[in-house]
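Trainee: Following this line is coords-v8.pdb, made up of PDB, C-alpha atoms and all ligand atoms:
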```
ATOM      1  CA  MET A   1       0.000   0.000   0.000
ATOM      2  CA  ASN A   2       1.294   3.440  -0.982
ATOM      3  CA  ILE A   3       0.100   6.608   0.713
ATOM      4  CA  ILE A   4      -0.255   9.496  -1.745
ATOM      5  CA  ASP A   5       1.323  12.409   0.093
ATOM      6  CA  GLY A   6      -0.768  15.373  -1.075
ATOM      7  CA  LYS A   7       1.094  17.791   1.142
ATOM      8  CA  LEU A   8       4.462  16.826  -0.335
ATOM      9  CA  ILE A   9       3.202  16.961  -3.926
ATOM     10  CA  ALA A  10       1.464  20.297  -3.241
ATOM     11  CA  ASN A  11       4.691  21.732  -1.827
ATOM     12  CA  GLN A  12       6.668  20.543  -4.862
ATOM     13  CA  ILE A  13       4.212  22.217  -7.249
ATOM     14  CA  LYS A  14       4.116  25.364  -5.083
ATOM     15  CA  SER A  15       7.880  25.728  -5.335
ATOM     16  CA  GLU A  16       7.640  25.358  -9.138
ATOM     17  CA  ILE A  17       4.936  28.061  -9.158
ATOM     18  CA  ALA A  18       7.033  30.303  -6.891
ATOM     19  CA  LYS A  19       9.940  30.164  -9.362
ATOM     20  CA  GLU A  20       7.651  31.129 -12.241
ATOM     21  CA  VAL A  21       6.062  33.941 -10.214
ATOM     22  CA  GLU A  22       9.495  35.348  -9.394
ATOM     23  CA  GLN A  23      10.400  35.372 -13.091
ATOM     24  CA  LEU A  24       7.074  36.955 -14.064
ATOM     25  CA  ARG A  25       7.428  39.610 -11.405
ATOM     26  CA  SER A  26      10.784  40.692 -12.818
ATOM     27  CA  ASP A  27       9.528  40.498 -16.445
ATOM     28  CA  LYS A  28       6.152  42.220 -15.980
ATOM     29  CA  GLY A  29       6.745  44.413 -12.953
ATOM     30  CA  ARG A  30       4.105  42.847 -10.731
ATOM     31  CA  ALA A  31       3.028  39.464  -9.365
ATOM     32  CA  PRO A  32      -0.250  37.633 -10.133
ATOM     33  CA  HIS A  33      -3.048  38.920  -7.905
ATOM     34  CA  LEU A  34      -5.928  36.837  -6.521
ATOM     35  CA  ALA A  35      -8.967  38.552  -4.972
ATOM     36  CA  ALA A  36     -11.398  36.685  -2.720
ATOM     37  CA  ILE A  37     -14.845  37.856  -1.676
ATOM     38  CA  LEU A  38     -15.915  36.600   1.739
ATOM     39  CA  VAL A  39     -19.533  37.214   2.714
ATOM     40  CA  GLY A  40     -20.476  36.859   6.396
ATOM     41  CA  ASP A  41     -18.474  35.289   9.204
ATOM     42  CA  ASP A  42     -18.768  31.532   8.724
ATOM     43  CA  PRO A  43     -15.671  30.150  10.547
ATOM     44  CA  ALA A  44     -14.958  27.424   7.972
ATOM     45  CA  SER A  45     -15.113  29.947   5.108
ATOM     46  CA  GLN A  46     -12.829  32.307   7.031
ATOM     47  CA  THR A  47     -10.307  29.477   7.460
ATOM     48  CA  TYR A  48     -10.471  28.513   3.767
ATOM     49  CA  VAL A  49      -9.920  32.130   2.665
ATOM     50  CA  ALA A  50      -7.068  32.602   5.174
ATOM     51  CA  ASN A  51      -5.395  29.436   3.806
ATOM     52  CA  LYS A  52      -5.718  30.743   0.258
ATOM     53  CA  GLU A  53      -4.101  34.068   1.303
ATOM     54  CA  LYS A  54      -1.300  32.151   3.036
ATOM     55  CA  SER A  55      -0.657  30.000  -0.039
ATOM     56  CA  CYS A  56      -0.570  33.071  -2.305
ATOM     57  CA  ALA A  57       2.054  34.623  -0.020
ATOM     58  CA  GLU A  58       4.075  31.377  -0.056
ATOM     59  CA  VAL A  59       4.425  31.492  -3.853
ATOM     60  CA  GLY A  60       4.915  35.277  -4.036
ATOM     61  CA  MET A  61       1.449  36.110  -5.376
ATOM     62  CA  THR A  62      -0.542  39.103  -4.174
ATOM     63  CA  SER A  63      -3.931  38.483  -2.569
ATOM     64  CA  SER A  64      -6.710  40.675  -1.277
ATOM     65  CA  VAL A  65      -9.873  39.801   0.593
ATOM     66  CA  TYR A  66     -13.120  41.754   0.294
ATOM     67  CA  LYS A  67     -15.015  41.069   3.528
ATOM     68  CA  LEU A  68     -18.711  41.827   3.153
ATOM     69  CA  ASP A  69     -21.526  41.827   5.672
ATOM     70  CA  ALA A  70     -23.800  38.740   5.660
ATOM     71  CA  ARG A  71     -26.809  41.039   5.075
ATOM     72  CA  ILE A  72     -25.395  42.458   1.837
ATOM     73  CA  SER A  73     -27.902  42.422  -1.036
ATOM     74  CA  GLU A  74     -27.283  40.392  -4.166
ATOM     75  CA  LYS A  75     -27.153  43.651  -6.140
ATOM     76  CA  GLU A  76     -24.431  45.111  -3.929
ATOM     77  CA  LEU A  77     -22.438  41.877  -4.125
ATOM     78  CA  VAL A  78     -22.672  41.905  -7.930
ATOM     79  CA  ARG A  79     -21.560  45.563  -7.880
ATOM     80  CA  THR A  80     -18.409  44.549  -5.961
ATOM     81  CA  ILE A  81     -17.788  41.762  -8.471
ATOM     82  CA  ASN A  82     -18.179  44.203 -11.392
ATOM     83  CA  PHE A  83     -15.679  46.529  -9.728
ATOM     84  CA  ILE A  84     -13.102  43.719  -9.421
ATOM     85  CA  ASN A  85     -13.897  42.488 -12.957
ATOM     86  CA  THR A  86     -12.621  45.779 -14.369
ATOM     87  CA  ASP A  87      -9.571  46.180 -12.108
ATOM     88  CA  GLU A  88      -6.615  45.495 -14.386
ATOM     89  CA  GLU A  89      -4.319  44.752 -11.452
ATOM     90  CA  ILE A  90      -6.483  41.820 -10.281
ATOM     91  CA  ASP A  91      -6.076  38.635 -12.304
ATOM     92  CA  GLY A  92      -8.284  36.107 -10.518
ATOM     93  CA  LEU A  93     -11.487  36.408  -8.494
ATOM     94  CA  ILE A  94     -13.180  33.862  -6.258
ATOM     95  CA  VAL A  95     -16.354  34.168  -4.239
ATOM     96  CA  GLN A  96     -16.080  31.903  -1.198
ATOM     97  CA  LEU A  97     -19.068  29.547  -0.942
ATOM     98  CA  PRO A  98     -21.509  28.990   0.675
ATOM     99  CA  LEU A  99     -23.282  32.346   0.421
ATOM    100  CA  PRO A 100     -26.110  33.485   2.710
ATOM    101  CA  GLU A 101     -29.465  31.986   1.719
ATOM    102  CA  HIS A 102     -30.966  35.207   0.340
ATOM    103  CA  ILE A 103     -28.306  35.335  -2.390
ATOM    104  CA  LEU A 104     -28.597  33.262  -5.571
ATOM    105  CA  VAL A 105     -25.232  31.558  -6.061
ATOM    106  CA  ASP A 106     -25.758  30.995  -9.801
ATOM    107  CA  LYS A 107     -26.396  34.710 -10.364
ATOM    108  CA  VAL A 108     -23.290  35.682  -8.426
ATOM    109  CA  ILE A 109     -21.042  33.212 -10.266
ATOM    110  CA  ALA A 110     -22.450  34.346 -13.621
ATOM    111  CA  ALA A 111     -21.423  37.929 -12.731
ATOM    112  CA  ILE A 112     -17.718  36.999 -12.523
ATOM    113  CA  ASN A 113     -15.701  37.803 -15.642
ATOM    114  CA  PRO A 114     -15.015  34.302 -17.091
ATOM    115  CA  LEU A 115     -11.427  35.416 -17.772
ATOM    116  CA  LYS A 116     -10.950  35.945 -14.022
ATOM    117  CA  ASP A 117     -13.016  32.933 -12.879
ATOM    118  CA  VAL A 118     -10.133  30.988 -11.329
ATOM    119  CA  ASP A 119     -12.511  28.640  -9.471
ATOM    120  CA  GLY A 120     -13.748  27.494 -12.896
ATOM    121  CA  PHE A 121     -17.410  27.669 -11.815
ATOM    122  CA  HIS A 122     -18.684  30.164 -14.442
ATOM    123  CA  PRO A 123     -20.951  28.531 -17.088
ATOM    124  CA  VAL A 124     -18.523  29.623 -19.835
ATOM    125  CA  ASN A 125     -15.638  27.755 -18.185
ATOM    126  CA  VAL A 126     -17.810  24.739 -17.352
ATOM    127  CA  GLY A 127     -18.980  24.627 -20.997
ATOM    128  CA  LYS A 128     -15.416  24.851 -22.297
ATOM    129  CA  MET A 129     -14.299  22.111 -19.905
ATOM    130  CA  VAL A 130     -17.093  19.818 -21.157
ATOM    131  CA  LEU A 131     -16.078  20.521 -24.765
ATOM    132  CA  GLY A 132     -12.416  19.864 -23.963
ATOM    133  CA  GLN A 133     -11.431  23.453 -24.796
ATOM    134  CA  PRO A 134      -8.802  25.348 -22.778
ATOM    135  CA  ALA A 135     -10.511  26.651 -19.628
ATOM    136  CA  TYR A 136     -10.032  27.172 -15.919
ATOM    137  CA  LEU A 137     -10.654  23.723 -14.448
ATOM    138  CA  PRO A 138     -12.291  23.427 -11.017
ATOM    139  CA  ALA A 139      -9.513  23.237  -8.449
ATOM    140  CA  THR A 140     -10.371  19.974  -6.648
ATOM    141  CA  PRO A 141     -10.750  17.720  -9.730
ATOM    142  CA  MET A 142      -7.623  19.342 -11.201
ATOM    143  CA  GLY A 143      -5.808  18.580  -7.942
ATOM    144  CA  ILE A 144      -6.943  14.943  -8.094
ATOM    145  CA  GLN A 145      -5.562  14.544 -11.613
ATOM    146  CA  LEU A 146      -2.272  16.105 -10.540
ATOM    147  CA  LEU A 147      -2.047  13.660  -7.619
ATOM    148  CA  LEU A 148      -2.531  10.731 -10.002
ATOM    149  CA  GLN A 149      -0.016  12.175 -12.469
ATOM    150  CA  ARG A 150       2.688  12.978  -9.907
ATOM    151  CA  SER A 151       2.262   9.551  -8.293
ATOM    152  CA  GLY A 152       2.700   7.880 -11.699
ATOM    153  CA  ILE A 153      -0.613   6.035 -11.443
ATOM    154  CA  ASP A 154      -1.708   4.464 -14.718
ATOM    155  CA  THR A 155      -5.290   5.483 -15.452
ATOM    156  CA  VAL A 156      -5.678   4.499 -19.110
ATOM    157  CA  GLY A 157      -8.555   2.079 -19.673
ATOM    158  CA  LYS A 158      -9.175   1.773 -15.931
ATOM    159  CA  HIS A 159     -12.643   1.784 -14.400
ATOM    160  CA  CYS A 160     -12.989   4.976 -12.371
ATOM    161  CA  VAL A 161     -16.004   5.184 -10.065
ATOM    162  CA  VAL A 162     -16.815   8.705  -8.898
ATOM    163  CA  LEU A 163     -19.040   8.956  -5.826
ATOM    164  CA  GLY A 164     -20.966  12.241  -5.752
ATOM    165  CA  ARG A 165     -22.186  14.477  -8.589
ATOM    166  CA  SER A 166     -21.748  18.005  -7.217
ATOM    167  CA  ASN A 167     -20.899  20.776  -9.665
ATOM    168  CA  ILE A 168     -17.610  21.499  -7.906
ATOM    169  CA  VAL A 169     -16.202  17.983  -7.420
ATOM    170  CA  GLY A 170     -18.006  14.847  -8.627
ATOM    171  CA  THR A 171     -19.391  15.954 -11.987
ATOM    172  CA  PRO A 172     -16.236  17.730 -13.226
ATOM    173  CA  ALA A 173     -14.069  14.875 -11.887
ATOM    174  CA  SER A 174     -16.129  12.379 -13.915
ATOM    175  CA  ILE A 175     -15.730  14.517 -17.060
ATOM    176  CA  LEU A 176     -11.980  15.008 -16.633
ATOM    177  CA  MET A 177     -11.292  11.347 -15.853
ATOM    178  CA  SER A 178     -13.112  10.252 -19.027
ATOM    179  CA  ARG A 179     -11.150  12.627 -21.304
ATOM    180  CA  ASN A 180      -8.939  11.342 -24.094
ATOM    181  CA  GLN A 181      -5.722  12.607 -22.513
ATOM    182  CA  SER A 182      -2.912  11.523 -20.222
ATOM    183  CA  PHE A 183      -3.825  10.653 -16.642
ATOM    184  CA  ALA A 184      -7.440  10.234 -17.734
ATOM    185  CA  ASN A 185      -8.857   7.933 -20.450
ATOM    186  CA  CYS A 186     -10.837   6.021 -17.826
ATOM    187  CA  THR A 187     -14.165   4.296 -18.219
ATOM    188  CA  VAL A 188     -16.188   6.313 -15.731
ATOM    189  CA  THR A 189     -19.221   5.487 -13.608
ATOM    190  CA  LEU A 190     -20.783   8.423 -11.757
ATOM    191  CA  CYS A 191     -22.744   7.488  -8.623
ATOM    192  CA  HIS A 192     -25.047   9.526  -6.383
ATOM    193  CA  SER A 193     -27.584   9.129  -3.608
ATOM    194  CA  LYS A 194     -30.096   7.342  -5.893
ATOM    195  CA  THR A 195     -27.563   4.808  -7.219
ATOM    196  CA  GLN A 196     -28.585   1.196  -6.647
ATOM    197  CA  ASN A 197     -26.085  -1.525  -5.684
ATOM    198  CA  LEU A 198     -23.498   1.116  -4.759
ATOM    199  CA  GLN A 199     -21.220  -1.330  -2.987
ATOM    200  CA  ALA A 200     -21.120  -3.720  -5.948
ATOM    201  CA  ILE A 201     -20.312  -0.852  -8.351
ATOM    202  CA  CYS A 202     -17.561   0.467  -6.081
ATOM    203  CA  ARG A 203     -16.047  -3.001  -5.823
ATOM    204  CA  GLN A 204     -15.483  -2.860  -9.609
ATOM    205  CA  ALA A 205     -13.469   0.340  -9.333
ATOM    206  CA  ASP A 206      -9.781   0.427 -10.198
ATOM    207  CA  ILE A 207      -9.879   4.081  -9.137
ATOM    208  CA  LEU A 208     -12.470   5.227  -6.602
ATOM    209  CA  ILE A 209     -13.014   8.954  -6.048
ATOM    210  CA  ALA A 210     -15.169   9.520  -2.943
ATOM    211  CA  ALA A 211     -16.852  12.945  -2.771
ATOM    212  CA  ILE A 212     -20.121  12.280  -0.959
ATOM    213  CA  GLY A 213     -19.742  14.321   2.213
ATOM    214  CA  LYS A 214     -20.594  11.323   4.463
ATOM    215  CA  CYS A 215     -18.041  10.716   7.176
ATOM    216  CA  GLU A 216     -16.253   7.335   6.796
ATOM    217  CA  MET A 217     -19.139   5.816   4.812
ATOM    218  CA  ILE A 218     -16.782   3.964   2.463
ATOM    219  CA  THR A 219     -15.667   0.865   4.328
ATOM    220  CA  ALA A 220     -13.471  -2.049   3.178
ATOM    221  CA  ASP A 221     -16.585  -3.793   1.731
ATOM    222  CA  TYR A 222     -16.697  -1.144  -1.025
ATOM    223  CA  ILE A 223     -13.112  -1.694  -2.167
ATOM    224  CA  LYS A 224     -11.541  -4.026  -4.715
ATOM    225  CA  GLU A 225      -8.143  -5.412  -3.720
ATOM    226  CA  GLY A 226      -5.409  -3.249  -5.303
ATOM    227  CA  ALA A 227      -7.603  -0.223  -6.004
ATOM    228  CA  THR A 228      -6.538   3.424  -5.925
ATOM    229  CA  VAL A 229      -8.725   5.413  -3.524
ATOM    230  CA  ILE A 230      -8.958   9.200  -3.619
ATOM    231  CA  ASP A 231     -10.788  10.576  -0.583
ATOM    232  CA  VAL A 232     -12.160  14.093  -1.132
ATOM    233  CA  GLY A 233     -14.338  14.265   1.994
ATOM    234  CA  ILE A 234     -13.432  16.524   4.919
ATOM    235  CA  HIS A 235     -15.237  16.160   8.257
ATOM    236  CA  ARG A 236     -14.428  17.672  11.642
ATOM    237  CA  VAL A 237     -14.904  15.004  14.303
ATOM    238  CA  GLU A 238     -14.686  15.742  18.038
ATOM    239  CA  ASP A 239     -11.453  14.427  19.505
ATOM    240  CA  SER A 240     -10.540  15.253  23.084
ATOM    241  CA  THR A 241      -6.979  13.948  22.571
ATOM    242  CA  LYS A 242      -6.278  16.836  20.162
ATOM    243  CA  LYS A 243      -5.402  20.348  21.290
ATOM    244  CA  SER A 244      -7.947  21.753  18.814
ATOM    245  CA  GLY A 245     -10.654  19.447  20.232
ATOM    246  CA  TYR A 246     -11.289  17.831  16.839
ATOM    247  CA  CYS A 247      -9.636  15.731  14.156
ATOM    248  CA  LEU A 248     -10.272  15.516  10.422
ATOM    249  CA  LYS A 249     -11.779  12.448   8.752
ATOM    250  CA  GLY A 250     -12.687  11.686   5.168
ATOM    251  CA  ASP A 251     -15.523   9.918   3.371
ATOM    252  CA  VAL A 252     -13.390   6.753   3.538
ATOM    253  CA  LYS A 253     -12.788   4.637   6.649
ATOM    254  CA  TYR A 254      -9.049   4.889   6.196
ATOM    255  CA  ASP A 255      -7.778   2.265   8.674
ATOM    256  CA  GLU A 256      -9.746  -0.604   7.188
ATOM    257  CA  VAL A 257      -9.640   0.538   3.524
ATOM    258  CA  ALA A 258      -5.929   1.376   3.267
ATOM    259  CA  PRO A 259      -4.617  -2.225   3.606
ATOM    260  CA  LYS A 260      -6.677  -3.256   0.517
ATOM    261  CA  CYS A 261      -5.394  -0.394  -1.670
ATOM    262  CA  GLU A 262      -2.423  -0.033  -3.960
ATOM    263  CA  TYR A 263      -2.646   3.743  -3.492
ATOM    264  CA  ILE A 264      -4.714   5.862  -1.113
ATOM    265  CA  THR A 265      -4.923   9.540  -0.120
ATOM    266  CA  PRO A 266      -5.080  10.313   3.615
ATOM    267  CA  VAL A 267      -7.278  12.944   5.288
ATOM    268  CA  PRO A 268      -5.815  15.378   6.133
ATOM    269  CA  GLY A 269      -2.849  15.699   3.768
ATOM    270  CA  GLY A 270      -4.335  14.211   0.596
ATOM    271  CA  VAL A 271      -6.665  16.083  -1.743
ATOM    272  CA  GLY A 272      -7.052  19.167   0.503
ATOM    273  CA  PRO A 273      -3.608  20.755  -0.138
ATOM    274  CA  MET A 274      -4.013  20.090  -3.876
ATOM    275  CA  THR A 275      -7.222  22.114  -4.116
ATOM    276  CA  ILE A 276      -5.323  25.272  -3.226
ATOM    277  CA  VAL A 277      -2.616  24.346  -5.727
ATOM    278  CA  GLY A 278      -5.314  24.142  -8.424
ATOM    279  CA  LEU A 279      -6.379  27.672  -7.539
ATOM    280  CA  LEU A 280      -2.798  28.957  -7.728
ATOM    281  CA  ILE A 281      -2.297  27.300 -11.128
ATOM    282  CA  ASN A 282      -5.448  28.996 -12.435
ATOM    283  CA  THR A 283      -4.363  32.383 -11.042
ATOM    284  CA  LEU A 284      -1.030  32.010 -12.813
ATOM    285  CA  LYS A 285      -2.893  31.219 -16.063
ATOM    286  CA  ALA A 286      -5.115  34.267 -15.551
ATOM    287  CA  PHE A 287      -2.064  36.491 -15.114
ATOM    288  CA  LYS A 288      -0.481  35.076 -18.258
ATOM    289  CA  LYS A 289      -3.834  35.567 -20.055
ATOM    290  CA  GLU A 290      -3.740  31.986 -21.317
ATOM    291  CA  PHE A 291      -7.467  31.935 -22.167
TER     292      PHE A 291
HETATM  293  P1  LIG B   1     -22.240  17.845  -2.023
HETATM  294  O1  LIG B   1     -22.976  17.694  -0.751
HETATM  295  O2  LIG B   1     -22.481  19.045  -2.890
HETATM  296  O3  LIG B   1     -22.513  16.555  -2.928
HETATM  297  C1  LIG B   1     -22.493  15.275  -2.380
HETATM  298  C2  LIG B   1     -22.802  14.267  -3.466
HETATM  299  O4  LIG B   1     -22.769  12.987  -2.874
HETATM  300  C3  LIG B   1     -24.192  14.411  -4.082
HETATM  301  O5  LIG B   1     -24.116  14.245  -5.469
HETATM  302  C4  LIG B   1     -25.003  13.314  -3.411
HETATM  303  O6  LIG B   1     -26.002  12.755  -4.264
HETATM  304  C5  LIG B   1     -23.938  12.255  -3.167
HETATM  305  N1  LIG B   1     -24.295  11.408  -2.030
HETATM  306  C6  LIG B   1     -24.675  11.801  -0.789
HETATM  307  N2  LIG B   1     -24.934  10.725  -0.018
HETATM  308  C7  LIG B   1     -24.693   9.641  -0.782
HETATM  309  C8  LIG B   1     -24.800   8.250  -0.567
HETATM  310  N3  LIG B   1     -25.187   7.734   0.615
HETATM  311  N4  LIG B   1     -24.493   7.417  -1.584
HETATM  312  C9  LIG B   1     -24.099   7.905  -2.788
HETATM  313  N5  LIG B   1     -23.984   9.223  -3.051
HETATM  314  C10 LIG B   1     -24.288  10.067  -2.062
HETATM  315  O7  LIG B   1     -20.694  17.711  -1.655
HETATM  316  P2  LIG B   1     -19.348  18.280  -2.344
HETATM  317  O8  LIG B   1     -19.119  17.627  -3.640
HETATM  318  O9  LIG B   1     -19.318  19.748  -2.263
HETATM  319  O10 LIG B   1     -18.281  17.749  -1.280
HETATM  320  C11 LIG B   1     -18.134  16.387  -0.951
HETATM  321  C12 LIG B   1     -17.151  16.240   0.188
HETATM  322  O11 LIG B   1     -15.893  16.735  -0.227
HETATM  323  C13 LIG B   1     -17.513  17.035   1.448
HETATM  324  O12 LIG B   1     -17.075  16.305   2.577
HETATM  325  C14 LIG B   1     -16.687  18.320   1.300
HETATM  326  O13 LIG B   1     -16.395  18.903   2.557
HETATM  327  C15 LIG B   1     -15.455  17.781   0.659
HETATM  328  N6  LIG B   1     -14.700  18.738  -0.164
HETATM  329  C16 LIG B   1     -13.350  18.699  -0.035
HETATM  330  C17 LIG B   1     -12.554  19.504  -0.811
HETATM  331  C18 LIG B   1     -11.084  19.382  -0.655
HETATM  332  O14 LIG B   1     -10.371  20.304  -1.028
HETATM  333  N7  LIG B   1     -10.581  18.265  -0.127
HETATM  334  C19 LIG B   1     -13.118  20.454  -1.772
HETATM  335  C20 LIG B   1     -14.561  20.362  -1.902
HETATM  336  C21 LIG B   1     -15.304  19.525  -1.103
HETATM  337  P3  LIG B   1     -27.298  13.596  -4.797
HETATM  338  O15 LIG B   1     -26.767  14.449  -5.911
HETATM  339  O16 LIG B   1     -28.216  12.548  -5.259
HETATM  340  O17 LIG B   1     -27.775  14.410  -3.624
END
```
Translate the structure of the given file into structure tokens.

Mentor:
Amino acid sequence: MNIIDGKLIANQIKSEIAKEVEQLRSDKGRAPHLAAILVGDDPASQTYVANKEKSCAEVGMTSSVYKLDARISEKELVRTINFINTDEEIDGLIVQLPLPEHILVDKVIAAINPLKDVDGFHPVNVGKMVLGQPAYLPATPMGIQLLLQRSGIDTVGKHCVVLGRSNIVGTPASILMSRNQSFANCTVTLCHSKTQNLQAICRQADILIAAIGKCEMITADYIKEGATVIDVGIHRVEDSTKKSGYCLKGDVKYDEVAPKCEYITPVPGGVGPMTIVGLLINTLKAFKKEF
């Protein structure tokens, strides 16, 4: 069994990005700039945005955070987005999700300039991704493909079962893994909460990507001997032995699944660090005006 060290791979890619950023800064006179809009004071969202700022600093990118009150109207939020859309010194823009209930997420995402949509959630980028055209790819599925690539895992012709069909993880992961390109070319099955015989389908998987948001639901019974398991789930579980009072678990019951796998990602330290790397890669592309 091989543990895929997402933290190590993320750090390797970050140092490659940092070198490129340094070169770009001296060539163009400024570094790539990522702006994040944070609405309200949800602690998890605050942590995610703080981590993104920290990662930008690590690779020499500029970041700025627009903190907005939870009661902001949709119109005012869109006005802020329009302002950032036209700022030539800002290359990438993300709106941290979830948003307060009175705001329509689809409307907000559609307001982002697709050329600055470094989360890859805008319909233009989603459409381009589906068509196989150059586009900002959603960070988590991109991170998963990079993990497979950097670990030298052969994916061609393999059966990849994706658990979960969200717009940000499961659906784009299923599209990318089925593409006719390196570190893809899988035969893909996409499963969701209405899927019948889930265990039997998962047991056919050479590569299993779990993104269901159900803590440790995937037990050893779901796994074929020698499979590669990519665990996207993140759950805070109370743990009095930890200083923080909690530990992180995935969608996969790691201790019993790992011995059956050829490769597996841990939680924490697997997919999580790669999601931020995906965002940095997209911000670099935005700066270089690749699309
Ligand atoms: P969503 O809640 O948006 O989607 C969950 C998907 O799982 C849905 O498609 C749902 O089906 C399916 N599902 C739920 N229960 C079952 C079940 N019992 N059997 C089969 N399918 C099921 O989640 P996200 O995609 O946003 O996130 C998934 C997990 O990944 C979460 O734990 C999240 O915290 C984590 N995450 C981690 C990231 C990282 O960087 N590591 C980044 C993003 C997310 P249906 O469509 O039918 O409802």

Trainee: Distance CA of Glu58 (chain A)-atom O10 of ligand LIG 1 (chain B), one decimal place?

Mentor: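 According to the coordinates, CA of Glu58 (chain A) and atom O10 of ligand LIG 1 (chain B) are separated by 26.2 Å.
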
Trainee: Enumerate, as number ranges by chain, the residues matched when the PyMOL selection byres (((not hetatm)) within 8 of (chain B and resi 1)) is run on the file above.

Mentor: A: 140, 163-170, 191-195, 198, 210-215, 217, 231-235, 250-251, 270-276

Trainee: For the interface of region 114-216 of chain A with region 63-86 of chain A (cut-off 12 Å, counting all atoms listed in the file), please tabulate each contacting residue of region 114-216 of chain A alongside its nearest pair of atoms and their separation in Å to one decimal, rows sorted by chain and increasing number, as JSON lines.

Mentor:
```
{"residue": "A:Pro114", "atom": "CA", "partner": "A:Asn85", "partner_atom": "CA", "distance": 9.2}
{"residue": "A:Leu115", "atom": "CA", "partner": "A:Asn85", "partner_atom": "CA", "distance": 8.9}
{"residue": "A:Lys116", "atom": "CA", "partner": "A:Asn85", "partner_atom": "CA", "distance": 7.3}
{"residue": "A:Asp117", "atom": "CA", "partner": "A:Asn85", "partner_atom": "CA", "distance": 9.6}
```

Trainee: As an exercise, work out the distance from CA of Val237 (chain A) to CA of Asp41 (chain A) in Å and give it to one decimal place.

Mentor: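 Distance reported for this atom pair: 21.2 Å.
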
Trainee: Report as a Markdown table: every residue of region 130-202 of chain A with an atom at most 12 Å from region 13-36 of chain A, its closest pair of atoms, and their distance in Å to one decimal, counting all atoms listed in the file, with rows sorted by chain and ascending residue number.

Mentor:
```
| residue | atom | partner | partner_atom | distance |
| --- | --- | --- | --- | --- |
| A:Gly143 | CA | A:Ile13 | CA | 10.7 |
| A:Leu146 | CA | A:Ile13 | CA | 9.5 |
| A:Leu147 | CA | A:Ile13 | CA | 10.6 |
| A:Arg150 | CA | A:Ile13 | CA | 9.7 |
```

Trainee: Residue by residue, what does the PyMOL selection byres (((chain A and resi 254) around 10) and not hetatm) grab here? Present the result as a list in words.

Mentor: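 Residues picked by the PyMOL selection byres (((chain A and resi 254) around 10) and not hetatm): Glu216, Ile218, Thr219, Ala220, Val229, Asp231, Lys249, Gly250, Asp251, Val252, Lys253, Asp255, Glu256, Val257, Ala258, Pro259, Ile264, Thr265, Pro266 and Val267 of chain A.
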
Trainee: Which one of A:Thr283, A:Asn185, A:Asn113, A:Gln133 sits closest to Lys52 (chain A) if you count all atoms listed in the file?

Mentor: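 Result for the nearest residue to Lys52 (chain A): A:Thr283.
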
Trainee: I'd like to know which of A:Tyr263, A:Phe287, A:Tyr48, A:Phe121 is closest to Pro172 (chain A), using all atoms listed in the file.

Mentor: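 For Pro172 (chain A), the nearest of the candidates is A:Phe121.
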
Trainee: Determine the residue membership of the PyMOL selection byres (((chain A and resi 119) around 7) and not hetatm) for the file above and supply it as a PyMOL selection string.

Mentor: chain A and resi 94+117-118+120-121+138-139+279

Trainee: Which of these, A:Asn2, A:Ser174, A:Gln196, A:Asn125, has the shortest distance to Asn282 (chain A) once you count only C-alpha atoms?

Mentor: A:Asn125

Trainee: Quick one: distance from CA of Gly157 (chain A) to CA of Gly132 (chain A) in Å, one decimal?

Mentor: 18.7 Å

Trainee: From the list A:Leu280, A:Leu176, A:Ile103, A:Ala286, which residue is nearest Asn51 (chain A) when using all atoms listed in the file?

Mentor: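 Distance minimum relative to Asn51 (chain A) lands on A:Leu280.
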
Trainee: Find the residues with any atom within 9 Å of (-22.7, 29.9, 5.1); use all atoms listed in the file and the coordinates as given in the file, and write the answer as a list in words.

Mentor: Val39, Gly40, Asp41, Asp42, Pro43, Ala44, Ser45, Ala70, Leu97, Pro98, Leu99, Pro100 and Glu101 of chain A

Trainee: Take the residues from that selection and put them in a file with C-alpha atoms, as a CSV table (one decimal), keeping the file's coordinate frame.

Mentor:
```csv
chain,number,residue,atom,x,y,z
A,39,VAL,CA,-19.5,37.2,2.7
A,40,GLY,CA,-20.5,36.9,6.4
A,41,ASP,CA,-18.5,35.3,9.2
A,42,ASP,CA,-18.8,31.5,8.7
A,43,PRO,CA,-15.7,30.2,10.5
A,44,ALA,CA,-15.0,27.4,8.0
A,45,SER,CA,-15.1,29.9,5.1
A,70,ALA,CA,-23.8,38.7,5.7
A,97,LEU,CA,-19.1,29.5,-0.9
A,98,PRO,CA,-21.5,29.0,0.7
A,99,LEU,CA,-23.3,32.3,0.4
A,100,PRO,CA,-26.1,33.5,2.7
A,101,GLU,CA,-29.5,32.0,1.7
```

Trainee: Which of these residues is nearest to Cys202 (chain A), using all atoms listed in the file: A:Ile230, A:Ala184, A:Ala10, A:Val161?

Mentor: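 With all atoms listed in the file as the atom set, the closest residue is A:Val161.
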
Trainee: Which of these, A:Gln46, A:Gln199, A:Thr187, A:Ser55, has the shortest distance to Val277 (chain A) once you count all atoms listed in the file?

Mentor: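 Of all the options, A:Ser55 lies closest to Val277 (chain A).
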
Trainee: Take region 177-188 of chain A from the preceding structure and save C-alpha atoms as a JSON list (two decimals), in the first residue's frame.

Mentor:
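Dumped everything to result25.json:
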```
[["chain", "number", "residue", "atom", "x", "y", "z"],
["A", 177, "MET", "CA", -11.29, 11.35, -15.85],
["A", 178, "SER", "CA", -13.11, 10.25, -19.03],
["A", 179, "ARG", "CA", -11.15, 12.63, -21.30],
["A", 180, "ASN", "CA", -8.94, 11.34, -24.09],
["A", 181, "GLN", "CA", -5.72, 12.61, -22.51],
["A", 182, "SER", "CA", -2.91, 11.52, -20.22],
["A", 183, "PHE", "CA", -3.82, 10.65, -16.64],
["A", 184, "ALA", "CA", -7.44, 10.23, -17.73],
["A", 185, "ASN", "CA", -8.86, 7.93, -20.45],
["A", 186, "CYS", "CA", -10.84, 6.02, -17.83],
["A", 187, "THR", "CA", -14.16, 4.30, -18.22],
["A", 188, "VAL", "CA", -16.19, 6.31, -15.73]]
```
